[in-house]
>>> print(open('my_file00.txt').read())   # compact mmCIF, C-alpha atoms and all ligand atoms
# COMPACT_ATOMS: atom_id res chain seq x y z
CA MET A 1 135.83 165.52 130.32
CA SER A 2 133.00 163.75 128.60
CA GLU A 3 131.83 160.43 129.94
CA PHE A 4 131.80 158.72 126.53
CA LYS A 5 134.65 157.55 124.37
CA ARG A 6 135.28 158.75 120.78
CA VAL A 7 137.94 156.99 118.70
CA HIS A 8 139.99 158.40 115.84
CA ASN A 9 137.64 157.13 113.13
CA PHE A 10 139.30 156.41 109.78
CA ASN A 11 136.50 154.13 108.55
CA ALA A 12 135.86 154.20 104.80
CA GLY A 13 132.08 153.99 105.07
CA PRO A 14 129.96 154.05 107.07
CA SER A 15 132.28 156.53 108.64
CA ALA A 16 132.71 159.38 111.07
CA LEU A 17 129.86 161.84 111.62
CA PRO A 18 130.34 165.25 113.22
CA LEU A 19 129.98 164.96 117.00
CA GLU A 20 127.74 168.05 117.03
CA VAL A 21 125.38 166.34 114.58
CA LEU A 22 125.18 163.19 116.71
CA GLN A 23 124.52 165.29 119.79
CA GLU A 24 121.80 167.26 118.06
CA ALA A 25 120.16 164.03 116.90
CA GLN A 26 120.45 162.69 120.42
CA ALA A 27 118.84 165.79 121.91
CA GLU A 28 115.91 165.53 119.49
CA PHE A 29 115.68 161.75 119.57
CA LEU A 30 112.68 161.32 121.84
CA ASP A 31 110.83 164.51 121.02
CA TYR A 32 111.50 166.16 117.68
CA LYS A 33 110.90 169.89 118.14
CA GLY A 34 107.88 169.39 120.38
CA ALA A 35 106.18 166.78 118.16
CA GLY A 36 106.24 164.36 121.10
CA MET A 37 107.85 161.64 119.00
CA SER A 38 111.06 160.76 117.21
CA VAL A 39 111.56 161.51 113.50
CA MET A 40 111.67 157.70 113.24
CA GLU A 41 108.09 157.45 114.47
CA MET A 42 106.36 160.12 112.43
CA SER A 43 104.46 159.87 109.19
CA HIS A 44 106.53 160.80 106.19
CA ARG A 45 103.43 162.72 105.04
CA SER A 46 103.37 164.86 108.21
CA LYS A 47 104.07 168.60 108.27
CA GLU A 48 107.09 167.93 110.50
CA PHE A 49 108.70 165.51 108.07
CA GLU A 50 107.88 167.71 105.11
CA GLY A 51 109.92 170.37 106.93
CA VAL A 52 112.79 167.91 107.43
CA ILE A 53 113.08 166.88 103.78
CA LYS A 54 112.46 170.35 102.32
CA THR A 55 115.04 171.93 104.63
CA ALA A 56 117.59 169.22 103.79
CA GLU A 57 117.10 169.92 100.09
CA ALA A 58 117.26 173.70 100.53
CA ASP A 59 120.45 173.48 102.60
CA LEU A 60 122.11 171.21 100.04
CA ARG A 61 121.09 173.55 97.21
CA GLU A 62 122.70 176.41 99.10
CA LEU A 63 125.87 174.50 99.98
CA LEU A 64 126.55 173.31 96.44
CA SER A 65 124.87 176.24 94.64
CA VAL A 66 122.66 173.76 92.80
CA PRO A 67 121.08 175.58 89.82
CA ALA A 68 117.27 175.79 89.71
CA ASN A 69 117.01 173.46 86.70
CA TYR A 70 118.26 170.48 88.72
CA LYS A 71 116.21 168.08 90.84
CA VAL A 72 117.50 166.85 94.17
CA LEU A 73 116.33 163.31 94.98
CA PHE A 74 116.72 161.20 98.11
CA LEU A 75 116.68 157.57 96.98
CA GLN A 76 117.42 154.13 98.40
CA GLY A 77 119.55 151.24 97.17
CA GLY A 78 122.92 152.94 97.69
CA ALA A 79 125.23 154.29 95.04
CA SER A 80 125.26 150.71 93.73
CA LEU A 81 121.66 150.95 92.57
CA GLN A 82 122.56 154.11 90.64
CA PHE A 83 125.02 152.00 88.63
CA ALA A 84 121.93 150.28 87.18
CA MET A 85 119.42 153.15 87.26
CA ILE A 86 121.65 155.43 85.19
CA PRO A 87 121.75 153.21 82.10
CA MET A 88 118.11 152.12 82.57
CA ASN A 89 116.89 155.71 82.65
CA LEU A 90 119.35 157.67 80.58
CA ARG A 91 120.97 155.54 77.90
CA GLY A 92 118.12 154.87 75.48
CA ALA A 93 117.62 151.77 73.36
CA GLY A 94 120.50 151.03 70.99
CA VAL A 95 122.65 153.88 72.28
CA SER A 96 126.04 153.35 73.91
CA ALA A 97 127.39 155.04 77.03
CA ASP A 98 131.02 155.91 77.82
CA TYR A 99 132.75 154.96 81.07
CA VAL A 100 135.99 156.29 82.52
CA VAL A 101 137.53 153.49 84.58
CA THR A 102 139.88 154.61 87.35
CA GLY A 103 139.30 152.10 90.14
CA THR A 104 137.00 149.57 91.74
CA TRP A 105 133.91 151.76 91.82
CA SER A 106 133.94 152.98 88.22
CA LYS A 107 134.75 149.43 87.12
CA THR A 108 131.73 148.16 89.03
CA ALA A 109 129.54 150.86 87.50
CA LEU A 110 130.66 149.76 84.04
CA LYS A 111 129.99 146.10 84.84
CA GLU A 112 126.40 146.90 85.78
CA ALA A 113 125.89 149.10 82.71
CA LYS A 114 127.18 146.32 80.44
CA LYS A 115 124.52 143.91 81.71
CA LEU A 116 121.88 146.33 80.52
CA GLY A 117 123.22 147.45 77.14
CA ALA A 118 126.07 148.91 75.12
CA SER A 119 128.88 150.47 77.14
CA ARG A 120 132.33 151.60 76.13
CA VAL A 121 135.54 152.34 78.00
CA ALA A 122 136.62 155.89 77.15
CA ALA A 123 139.74 155.66 79.30
CA THR A 124 141.19 153.28 81.86
CA THR A 125 144.13 153.44 84.21
CA GLU A 126 144.04 149.76 85.07
CA ALA A 127 147.49 149.24 83.45
CA THR A 128 149.06 151.25 86.30
CA ASN A 129 146.81 149.64 88.92
CA PHE A 130 144.47 152.64 89.18
CA ASP A 131 146.97 155.10 90.57
CA ARG A 132 146.00 158.22 88.59
CA ALA A 133 143.39 160.09 86.58
CA PRO A 134 143.58 159.38 82.82
CA GLU A 135 145.97 161.46 80.74
CA ALA A 136 143.78 161.16 77.62
CA TYR A 137 140.26 160.13 76.67
CA ASP A 138 138.70 158.49 73.66
CA PHE A 139 135.14 159.77 73.89
CA ASP A 140 132.34 158.69 71.59
CA PRO A 141 130.69 161.96 70.44
CA LYS A 142 127.38 160.06 70.17
CA ALA A 143 127.56 158.56 73.67
CA ALA A 144 124.36 158.78 75.70
CA TYR A 145 126.48 160.06 78.57
CA VAL A 146 129.96 159.85 80.09
CA HIS A 147 130.26 158.34 83.57
CA PHE A 148 133.22 158.80 85.89
CA THR A 149 133.94 158.44 89.60
CA MET A 150 135.16 161.71 91.07
CA ASN A 151 136.85 160.03 94.00
CA GLU A 152 137.84 156.37 93.94
CA THR A 153 137.38 155.45 97.58
CA ILE A 154 139.48 152.28 97.45
CA HIS A 155 142.36 153.43 95.22
CA GLY A 156 142.48 156.98 96.57
CA VAL A 157 142.30 158.70 93.18
CA GLU A 158 140.46 162.01 92.99
CA PHE A 159 139.67 164.15 89.93
CA PHE A 160 140.38 167.85 90.43
CA ASP A 161 139.58 168.67 86.80
CA THR A 162 136.41 167.72 85.00
CA PRO A 163 136.99 165.43 81.98
CA ALA A 164 136.46 167.48 78.80
CA VAL A 165 133.59 165.59 77.19
CA PRO A 166 132.35 166.26 73.63
CA ASP A 167 129.78 169.06 73.29
CA GLY A 168 126.30 168.01 74.29
CA VAL A 169 127.29 164.70 75.93
CA PRO A 170 125.98 164.70 79.52
CA LEU A 171 128.62 164.12 82.17
CA ILE A 172 127.60 161.99 85.17
CA SER A 173 129.72 161.50 88.26
CA ASP A 174 129.69 159.22 91.27
CA VAL A 175 130.70 161.59 94.07
CA SER A 176 129.89 159.20 96.93
CA SER A 177 133.17 159.67 98.76
CA ASP A 178 133.94 163.33 98.09
CA PHE A 179 130.41 164.73 98.25
CA ILE A 180 130.33 168.14 100.01
CA SER A 181 134.08 167.90 100.71
CA ARG A 182 134.88 170.93 98.50
CA PRO A 183 133.02 173.30 96.20
CA ILE A 184 132.24 171.97 92.72
CA ASP A 185 130.50 173.59 89.78
CA VAL A 186 127.30 171.54 89.51
CA SER A 187 126.44 173.10 86.14
CA LYS A 188 129.30 171.14 84.53
CA TYR A 189 127.49 167.91 85.29
CA ALA A 190 124.21 166.47 84.08
CA MET A 191 123.99 164.31 87.16
CA LEU A 192 125.83 163.75 90.43
CA TYR A 193 125.06 161.05 92.95
CA ALA A 194 126.36 160.03 96.36
CA GLY A 195 125.61 157.28 98.82
CA ALA A 196 125.39 159.28 102.05
CA GLN A 197 127.40 157.02 104.32
CA LYS A 198 130.85 158.24 103.33
CA ASN A 199 130.72 161.97 103.88
CA ALA A 200 127.13 163.06 104.41
CA GLY A 201 125.29 160.88 106.88
CA PRO A 202 124.30 157.34 107.78
CA ALA A 203 123.68 154.56 105.26
CA GLY A 204 120.22 154.25 103.74
CA VAL A 205 119.92 157.29 101.51
CA THR A 206 121.53 158.21 98.21
CA VAL A 207 121.47 161.82 97.10
CA VAL A 208 120.91 162.33 93.35
CA ILE A 209 121.26 165.73 91.67
CA LEU A 210 119.82 165.52 88.20
CA ARG A 211 119.37 168.12 85.45
CA ASP A 212 115.73 168.45 84.38
CA ASP A 213 116.21 167.76 80.68
CA LEU A 214 117.53 164.26 81.41
CA LEU A 215 114.08 163.28 82.65
CA GLU A 216 112.84 163.45 79.06
CA ARG A 217 114.96 160.38 78.33
CA VAL A 218 113.33 158.15 80.94
CA PRO A 219 111.52 155.26 79.20
CA GLU A 220 107.88 154.55 80.02
CA ASN A 221 108.16 150.93 81.08
CA LEU A 222 110.56 151.05 84.03
CA PRO A 223 109.67 149.57 87.41
CA VAL A 224 108.37 152.55 89.30
CA MET A 225 110.99 152.54 92.07
CA LEU A 226 113.74 152.65 89.43
CA ASP A 227 112.23 155.53 87.49
CA TYR A 228 113.82 158.97 88.00
CA LYS A 229 110.79 160.68 86.50
CA THR A 230 108.38 159.26 89.05
CA GLN A 231 110.83 159.87 91.88
CA ALA A 232 111.19 163.49 90.74
CA GLU A 233 107.45 164.06 90.25
CA LYS A 234 106.73 162.60 93.69
CA GLU A 235 109.61 164.58 95.28
CA SER A 236 111.30 161.39 96.55
CA MET A 237 108.07 160.35 98.27
CA TYR A 238 106.51 157.87 95.87
CA ASN A 239 106.87 155.36 98.69
CA THR A 240 108.13 155.69 102.25
CA PRO A 241 111.50 157.42 102.02
CA PRO A 242 114.41 156.56 104.37
CA ALA A 243 113.09 159.23 106.70
CA TYR A 244 115.62 159.06 109.51
CA SER A 245 118.61 158.96 107.15
CA ILE A 246 117.22 162.03 105.35
CA TYR A 247 116.89 163.78 108.70
CA MET A 248 120.53 162.94 109.48
CA VAL A 249 121.91 164.15 106.14
CA GLY A 250 119.89 167.32 106.73
CA LEU A 251 121.70 167.83 110.04
CA VAL A 252 125.04 167.25 108.28
CA PHE A 253 124.18 169.84 105.59
CA LYS A 254 123.34 172.36 108.35
CA TRP A 255 126.59 171.54 110.11
CA ALA A 256 128.51 172.06 106.84
CA LYS A 257 126.89 175.48 106.42
CA LYS A 258 127.86 176.35 109.99
CA GLN A 259 131.50 175.47 109.24
CA GLY A 260 131.42 178.29 106.68
CA GLY A 261 130.36 176.24 103.66
CA LEU A 262 132.35 174.07 101.30
CA ALA A 263 135.29 176.43 100.75
CA ALA A 264 135.96 176.45 104.50
CA ILE A 265 135.50 172.67 104.64
CA GLU A 266 137.92 172.19 101.75
CA LYS A 267 140.54 174.20 103.59
CA VAL A 268 140.37 171.89 106.60
CA ASN A 269 140.31 168.82 104.37
CA ARG A 270 143.46 170.01 102.59
CA GLU A 271 145.14 170.61 105.92
CA LYS A 272 144.33 167.06 107.11
CA ALA A 273 145.39 165.50 103.79
CA ALA A 274 148.71 167.40 103.90
CA ILE A 275 149.40 166.08 107.40
CA VAL A 276 148.89 162.46 106.34
CA TYR A 277 150.61 162.72 102.93
CA ASN A 278 153.56 164.52 104.52
CA ALA A 279 153.90 161.64 106.95
CA ILE A 280 154.16 159.34 103.93
CA ASP A 281 156.51 161.59 101.96
CA ASN A 282 158.82 162.24 104.91
CA SER A 283 159.27 158.55 105.71
CA GLY A 284 162.14 157.99 103.28
CA GLY A 285 160.16 155.32 101.45
CA PHE A 286 159.03 153.33 104.50
CA TYR A 287 155.47 154.36 103.67
CA ARG A 288 154.56 154.38 99.98
CA GLY A 289 151.42 156.14 98.77
CA HIS A 290 149.39 154.30 96.14
CA THR A 291 148.43 157.35 94.07
CA VAL A 292 150.52 159.72 91.95
CA PRO A 293 150.79 163.11 93.72
CA GLU A 294 148.52 165.04 91.25
CA ALA A 295 145.58 162.71 91.84
CA ARG A 296 145.92 162.11 95.55
CA SER A 297 142.51 161.95 97.13
CA LEU A 298 141.78 164.42 99.91
CA MET A 299 139.42 161.85 101.42
CA ASN A 300 141.00 158.39 101.21
CA VAL A 301 144.73 157.84 101.65
CA PRO A 302 145.86 154.31 100.71
CA PHE A 303 149.48 153.42 101.32
CA ARG A 304 151.78 150.44 101.73
CA LEU A 305 154.47 149.43 104.20
CA PRO A 306 157.58 147.36 103.39
CA SER A 307 155.76 144.04 104.04
CA GLU A 308 152.28 142.65 104.52
CA GLU A 309 153.35 141.49 107.93
CA LEU A 310 154.23 145.06 108.95
CA GLU A 311 150.92 146.24 107.51
CA ALA A 312 149.05 143.78 109.70
CA THR A 313 151.03 144.90 112.76
CA PHE A 314 150.41 148.55 111.86
CA ALA A 315 146.63 148.02 111.67
CA LYS A 316 146.63 146.08 114.92
CA GLU A 317 148.67 148.64 116.84
CA ALA A 318 146.72 151.52 115.37
CA LYS A 319 143.55 149.93 116.71
CA ALA A 320 145.15 149.48 120.13
CA ASN A 321 145.75 153.25 120.01
CA ASP A 322 142.08 153.98 119.22
CA MET A 323 142.69 154.54 115.51
CA ILE A 324 139.96 152.59 113.81
CA GLY A 325 139.46 151.46 110.23
CA VAL A 326 142.96 151.81 108.75
CA LYS A 327 143.12 148.36 107.20
CA GLY A 328 143.08 148.68 103.39
CA HIS A 329 140.18 147.34 101.33
CA ARG A 330 140.44 143.57 100.86
CA SER A 331 140.88 144.05 97.09
CA VAL A 332 144.08 146.11 97.32
CA GLY A 333 145.50 145.37 100.77
CA GLY A 334 147.81 147.73 102.61
CA ILE A 335 146.59 150.58 104.76
CA ARG A 336 143.93 153.17 104.03
CA ALA A 337 143.03 156.17 106.15
CA SER A 338 139.73 157.83 105.28
CA ILE A 339 139.73 161.43 106.43
CA TYR A 340 136.24 162.60 105.58
CA ASN A 341 134.73 165.96 106.57
CA ALA A 342 133.86 164.81 110.08
CA VAL A 343 137.36 163.56 110.93
CA PRO A 344 139.03 166.29 112.99
CA VAL A 345 142.50 167.69 112.28
CA ALA A 346 143.55 166.21 115.64
CA SER A 347 142.87 162.71 114.29
CA ALA A 348 145.06 163.33 111.23
CA LYS A 349 147.82 164.57 113.55
CA ALA A 350 147.43 161.56 115.83
CA LEU A 351 147.78 159.26 112.81
CA ALA A 352 150.87 161.08 111.52
CA ASP A 353 152.48 160.88 114.97
CA PHE A 354 151.63 157.20 115.20
CA MET A 355 153.13 156.60 111.74
CA ALA A 356 156.40 158.27 112.72
CA GLU A 357 156.58 156.31 115.96
CA PHE A 358 155.75 153.02 114.22
CA GLN A 359 158.51 153.62 111.70
CA ARG A 360 161.00 154.45 114.44
CA LYS A 361 160.25 151.11 116.10
CA ASN A 362 160.02 149.00 112.93
CA GLY A 363 161.94 150.83 110.19
C1 LIG B 1 130.94 153.17 98.70
C2 LIG B 1 130.89 153.59 97.28
C3 LIG B 1 129.93 153.05 96.41
C4 LIG B 1 128.92 152.01 96.83
O1 LIG B 1 128.02 152.60 97.69
P1 LIG B 1 126.78 151.81 98.31
O2 LIG B 1 125.99 152.94 98.89
O3 LIG B 1 127.33 150.85 99.30
O4 LIG B 1 126.08 151.14 97.20
C5 LIG B 1 129.92 153.51 95.10
N1 LIG B 1 130.80 154.43 94.68
C6 LIG B 1 131.73 154.97 95.49
C7 LIG B 1 132.67 156.00 94.97
C8 LIG B 1 131.81 154.55 96.82
O5 LIG B 1 132.73 155.08 97.64
>>> encode(input="my_file00.txt", output="structure tokens")
Amino acid sequence: MSEFKRVHNFNAGPSALPLEVLQEAQAEFLDYKGAGMSVMEMSHRSKEFEGVIKTAEADLRELLSVPANYKVLFLQGGASLQFAMIPMNLRGAGVSADYVVTGTWSKTALKEAKKLGASRVAATTEATNFDRAPEAYDFDPKAAYVHFTMNETIHGVEFFDTPAVPDGVPLISDVSSDFISRPIDVSKYAMLYAGAQKNAGPAGVTVVILRDDLLERVPENLPVMLDYKTQAEKESMYNTPPAYSIYMVGLVFKWAKKQGGLAAIEKVNREKAAIVYNAIDNSGGFYRGHTVPEARSLMNVPFRLPSEELEATFAKEAKANDMIGVKGHRSVGGIRASIYNAVPVASAKALADFMAEFQRKNG
């Protein structure tokens, strides 16, 4: 047995990282591949770090089959800064952008975009409390772009089909919480972005995948740190990048490749999601999932119990059983289990067993 403790980690973000990745980082912590120092201590202009960032990019390109005409950027400011950078860089003066609103994160993206210029709602599911993907869209054929959130981390709504946008309108997606959780066709999107701390690494780096032609839209007068063109020209190294976080996402990309790539990862993710959703569906209504079955997220599973009191007891007892992070987001309440790539099948099983036992005692 190991001498350290590992909980069942259902945190929404920052969240579980693969144990193998943490162990590899630990082994290299004091002396990175014979450099005699930690990645944290080395110049970001050194040969060693150049290897770290280039390898991370190459591994991601391989994992997601990123076409050659896309840039991969490693930026700071979280996915939240992208909410502002996207309209600043890509909307253009006097042009409107379309937003698909399916939960807290897309709503927040829209709010930021509105501060900076014209923005339109092309579809919203707020009337049903963000429990599904939209059934229909009202796209503006002249929109600068369409923005949607592929997986709503708080409401547990995931898109498994790409919204059919009008010809020539770039489609942009926030994939923060389902990044590298399953294969996607990057060529359908003009831009994808993900804060790393949900599924791909520690906080501090945001991965942006951006089609080259969008860079032609970037206005001249932007603050340099907010300018995709400069960040692309300088290969994410205009200033000091979040070097250690980039190193960590690089280890996660390598780990994902070792699992057999994204198709193999998706298979495990579907297995875990089925275990947890079955526990909900087989409870005779004691547990109630938030999301309609077709849009159930493979990553975040929000559900309710018969009362808020029982929900509080559930979260407390789960914690006492080393199941961490199941309390729902403060904005929606209830329970939420995040079952990202690094959460093992055994944790999903432990949760399902706990749910059945809790119901037996309290149902
Ligand atoms: C967590 C999250 C964000 C915000 O990410 P930060 O990196 O904290 O800014 C945005 N979108 C989605 C889908 C998220 O899950």
>>> closest_atom_pairs(input="my_file00.txt", of="segment 46-106 of chain A", to="segment 191-213 of chain A", cutoff="6 Å", atoms="all atoms listed in the file", output="tab-separated table")
residue	atom	partner	partner_atom	distance
A:Asn69	CA	A:Asp212	CA	5.7
A:Tyr70	CA	A:Arg211	CA	4.2
A:Lys71	CA	A:Leu210	CA	5.2
A:Val72	CA	A:Ile209	CA	4.7
A:Leu73	CA	A:Val208	CA	5.0
A:Phe74	CA	A:Val207	CA	4.9
A:Leu75	CA	A:Thr206	CA	5.0
A:Gln76	CA	A:Val205	CA	5.1
A:Gly78	CA	A:Gly195	CA	5.2
A:Ala79	CA	A:Gly195	CA	4.8
>>> residues_around(input="my_file00.txt", residues="segment 116-128 of chain A", least_positions_apart="5", cutoff="12 Å", atoms="all atoms listed in the file", output="number ranges by chain")
A: 83-104, 106-107, 109-111, 133-149, 152, 155, 157, 163-166, 290-292
>>> write_last_selection(input="my_file00.txt", atoms="C-alpha atoms", output="PDB file, in the coordinates of the input")
ATOM      1  CA  PHE A  83     125.020 152.000  88.630  1.00  0.00           C
ATOM      2  CA  ALA A  84     121.930 150.280  87.180  1.00  0.00           C
ATOM      3  CA  MET A  85     119.420 153.150  87.260  1.00  0.00           C
ATOM      4  CA  ILE A  86     121.650 155.430  85.190  1.00  0.00           C
ATOM      5  CA  PRO A  87     121.750 153.210  82.100  1.00  0.00           C
ATOM      6  CA  MET A  88     118.110 152.120  82.570  1.00  0.00           C
ATOM      7  CA  ASN A  89     116.890 155.710  82.650  1.00  0.00           C
ATOM      8  CA  LEU A  90     119.350 157.670  80.580  1.00  0.00           C
ATOM      9  CA  ARG A  91     120.970 155.540  77.900  1.00  0.00           C
ATOM     10  CA  GLY A  92     118.120 154.870  75.480  1.00  0.00           C
ATOM     11  CA  ALA A  93     117.620 151.770  73.360  1.00  0.00           C
ATOM     12  CA  GLY A  94     120.500 151.030  70.990  1.00  0.00           C
ATOM     13  CA  VAL A  95     122.650 153.880  72.280  1.00  0.00           C
ATOM     14  CA  SER A  96     126.040 153.350  73.910  1.00  0.00           C
ATOM     15  CA  ALA A  97     127.390 155.040  77.030  1.00  0.00           C
ATOM     16  CA  ASP A  98     131.020 155.910  77.820  1.00  0.00           C
ATOM     17  CA  TYR A  99     132.750 154.960  81.070  1.00  0.00           C
ATOM     18  CA  VAL A 100     135.990 156.290  82.520  1.00  0.00           C
ATOM     19  CA  VAL A 101     137.530 153.490  84.580  1.00  0.00           C
ATOM     20  CA  THR A 102     139.880 154.610  87.350  1.00  0.00           C
ATOM     21  CA  GLY A 103     139.300 152.100  90.140  1.00  0.00           C
ATOM     22  CA  THR A 104     137.000 149.570  91.740  1.00  0.00           C
ATOM     23  CA  SER A 106     133.940 152.980  88.220  1.00  0.00           C
ATOM     24  CA  LYS A 107     134.750 149.430  87.120  1.00  0.00           C
ATOM     25  CA  ALA A 109     129.540 150.860  87.500  1.00  0.00           C
ATOM     26  CA  LEU A 110     130.660 149.760  84.040  1.00  0.00           C
ATOM     27  CA  LYS A 111     129.990 146.100  84.840  1.00  0.00           C
ATOM     28  CA  ALA A 133     143.390 160.090  86.580  1.00  0.00           C
ATOM     29  CA  PRO A 134     143.580 159.380  82.820  1.00  0.00           C
ATOM     30  CA  GLU A 135     145.970 161.460  80.740  1.00  0.00           C
ATOM     31  CA  ALA A 136     143.780 161.160  77.620  1.00  0.00           C
ATOM     32  CA  TYR A 137     140.260 160.130  76.670  1.00  0.00           C
ATOM     33  CA  ASP A 138     138.700 158.490  73.660  1.00  0.00           C
ATOM     34  CA  PHE A 139     135.140 159.770  73.890  1.00  0.00           C
ATOM     35  CA  ASP A 140     132.340 158.690  71.590  1.00  0.00           C
ATOM     36  CA  PRO A 141     130.690 161.960  70.440  1.00  0.00           C
ATOM     37  CA  LYS A 142     127.380 160.060  70.170  1.00  0.00           C
ATOM     38  CA  ALA A 143     127.560 158.560  73.670  1.00  0.00           C
ATOM     39  CA  ALA A 144     124.360 158.780  75.700  1.00  0.00           C
ATOM     40  CA  TYR A 145     126.480 160.060  78.570  1.00  0.00           C
ATOM     41  CA  VAL A 146     129.960 159.850  80.090  1.00  0.00           C
ATOM     42  CA  HIS A 147     130.260 158.340  83.570  1.00  0.00           C
ATOM     43  CA  PHE A 148     133.220 158.800  85.890  1.00  0.00           C
ATOM     44  CA  THR A 149     133.940 158.440  89.600  1.00  0.00           C
ATOM     45  CA  GLU A 152     137.840 156.370  93.940  1.00  0.00           C
ATOM     46  CA  HIS A 155     142.360 153.430  95.220  1.00  0.00           C
ATOM     47  CA  VAL A 157     142.300 158.700  93.180  1.00  0.00           C
ATOM     48  CA  PRO A 163     136.990 165.430  81.980  1.00  0.00           C
ATOM     49  CA  ALA A 164     136.460 167.480  78.800  1.00  0.00           C
ATOM     50  CA  VAL A 165     133.590 165.590  77.190  1.00  0.00           C
ATOM     51  CA  PRO A 166     132.350 166.260  73.630  1.00  0.00           C
ATOM     52  CA  HIS A 290     149.390 154.300  96.140  1.00  0.00           C
ATOM     53  CA  THR A 291     148.430 157.350  94.070  1.00  0.00           C
ATOM     54  CA  VAL A 292     150.520 159.720  91.950  1.00  0.00           C
TER      55      VAL A 292
END
>>> residues_around(input="my_file00.txt", residues="segment 330-346 of chain A", least_positions_apart="3", cutoff="8 Å", atoms="only C-alpha atoms", output="mmCIF file with C-alpha atoms, in the frame of the given file")
data_model
loop_
_atom_site.group_PDB
_atom_site.id
_atom_site.type_symbol
_atom_site.label_atom_id
_atom_site.label_comp_id
_atom_site.auth_asym_id
_atom_site.auth_seq_id
_atom_site.Cartn_x
_atom_site.Cartn_y
_atom_site.Cartn_z
ATOM 1 C CA HIS A 8 139.990 158.400 115.840
ATOM 2 C CA ASN A 9 137.640 157.130 113.130
ATOM 3 C CA PHE A 10 139.300 156.410 109.780
ATOM 4 C CA ASN A 11 136.500 154.130 108.550
ATOM 5 C CA ALA A 12 135.860 154.200 104.800
ATOM 6 C CA SER A 15 132.280 156.530 108.640
ATOM 7 C CA ALA A 16 132.710 159.380 111.070
ATOM 8 C CA LEU A 17 129.860 161.840 111.620
ATOM 9 C CA PRO A 18 130.340 165.250 113.220
ATOM 10 C CA LEU A 19 129.980 164.960 117.000
ATOM 11 C CA ILE A 154 139.480 152.280 97.450
ATOM 12 C CA HIS A 155 142.360 153.430 95.220
ATOM 13 C CA ASP A 178 133.940 163.330 98.090
ATOM 14 C CA SER A 181 134.080 167.900 100.710
ATOM 15 C CA LYS A 198 130.850 158.240 103.330
ATOM 16 C CA ASN A 199 130.720 161.970 103.880
ATOM 17 C CA ILE A 265 135.500 172.670 104.640
ATOM 18 C CA VAL A 268 140.370 171.890 106.600
ATOM 19 C CA ASN A 269 140.310 168.820 104.370
ATOM 20 C CA GLU A 271 145.140 170.610 105.920
ATOM 21 C CA LYS A 272 144.330 167.060 107.110
ATOM 22 C CA ALA A 273 145.390 165.500 103.790
ATOM 23 C CA LEU A 298 141.780 164.420 99.910
ATOM 24 C CA MET A 299 139.420 161.850 101.420
ATOM 25 C CA ASN A 300 141.000 158.390 101.210
ATOM 26 C CA VAL A 301 144.730 157.840 101.650
ATOM 27 C CA PRO A 302 145.860 154.310 100.710
ATOM 28 C CA PHE A 303 149.480 153.420 101.320
ATOM 29 C CA ARG A 304 151.780 150.440 101.730
ATOM 30 C CA LEU A 305 154.470 149.430 104.200
ATOM 31 C CA GLU A 308 152.280 142.650 104.520
ATOM 32 C CA GLU A 311 150.920 146.240 107.510
ATOM 33 C CA ALA A 315 146.630 148.020 111.670
ATOM 34 C CA GLY A 325 139.460 151.460 110.230
ATOM 35 C CA VAL A 326 142.960 151.810 108.750
ATOM 36 C CA LYS A 327 143.120 148.360 107.200
ATOM 37 C CA LYS A 349 147.820 164.570 113.550
ATOM 38 C CA ALA A 350 147.430 161.560 115.830
#
>>> atom_distance(input="my_file00.txt", atom1="atom CA of Ile172 of chain A", atom2="atom CA of Ala113 of chain A")
13.2 Å
>>> axis_aligned_box(input="my_file00.txt", around="segment 54-73 of chain A", padding_each_side="4 Å", output="AutoDock Vina command-line options")
--center_x 119.5 --center_y 169.9 --center_z 95.7 --size_x 22.1 --size_y 21.1 --size_z 25.9
>>> closest_residue(input="my_file00.txt", among="A:Asn151, A:Gln259, A:Ser307, A:Ser46", to="Thr240 of chain A", atoms="only C-alpha atoms")
A:Ser46
>>> decode(input="my_file00.txt", residues="segment 252-257 of chain A", atoms="N, CA, C and O atoms", output="mmCIF file, in the first residue's frame")
data_model
loop_
_atom_site.group_PDB
_atom_site.id
_atom_site.type_symbol
_atom_site.label_atom_id
_atom_site.label_comp_id
_atom_site.auth_asym_id
_atom_site.auth_seq_id
_atom_site.Cartn_x
_atom_site.Cartn_y
_atom_site.Cartn_z
ATOM 1 N N VAL A 252 -0.089 15.988 -18.949
ATOM 2 C CA VAL A 252 -1.444 15.434 -19.093
ATOM 3 C C VAL A 252 -1.698 15.009 -20.551
ATOM 4 O O VAL A 252 -2.277 13.949 -20.804
ATOM 5 N N PHE A 253 -1.226 15.812 -21.511
ATOM 6 C CA PHE A 253 -1.403 15.427 -22.927
ATOM 7 C C PHE A 253 -0.678 14.106 -23.211
ATOM 8 O O PHE A 253 -1.200 13.230 -23.893
ATOM 9 N N LYS A 254 0.523 13.958 -22.675
ATOM 10 C CA LYS A 254 1.280 12.707 -22.852
ATOM 11 C C LYS A 254 0.537 11.536 -22.230
ATOM 12 O O LYS A 254 0.448 10.452 -22.815
ATOM 13 N N TRP A 255 0.014 11.768 -21.043
ATOM 14 C CA TRP A 255 -0.769 10.730 -20.354
ATOM 15 C C TRP A 255 -1.977 10.327 -21.208
ATOM 16 O O TRP A 255 -2.271 9.147 -21.367
ATOM 17 N N ALA A 256 -2.653 11.333 -21.786
ATOM 18 C CA ALA A 256 -3.844 11.049 -22.599
ATOM 19 C C ALA A 256 -3.465 10.200 -23.812
ATOM 20 O O ALA A 256 -4.182 9.273 -24.200
ATOM 21 N N LYS A 257 -2.326 10.514 -24.412
ATOM 22 C CA LYS A 257 -1.852 9.700 -25.544
ATOM 23 C C LYS A 257 -1.601 8.262 -25.091
ATOM 24 O O LYS A 257 -1.938 7.306 -25.786
#
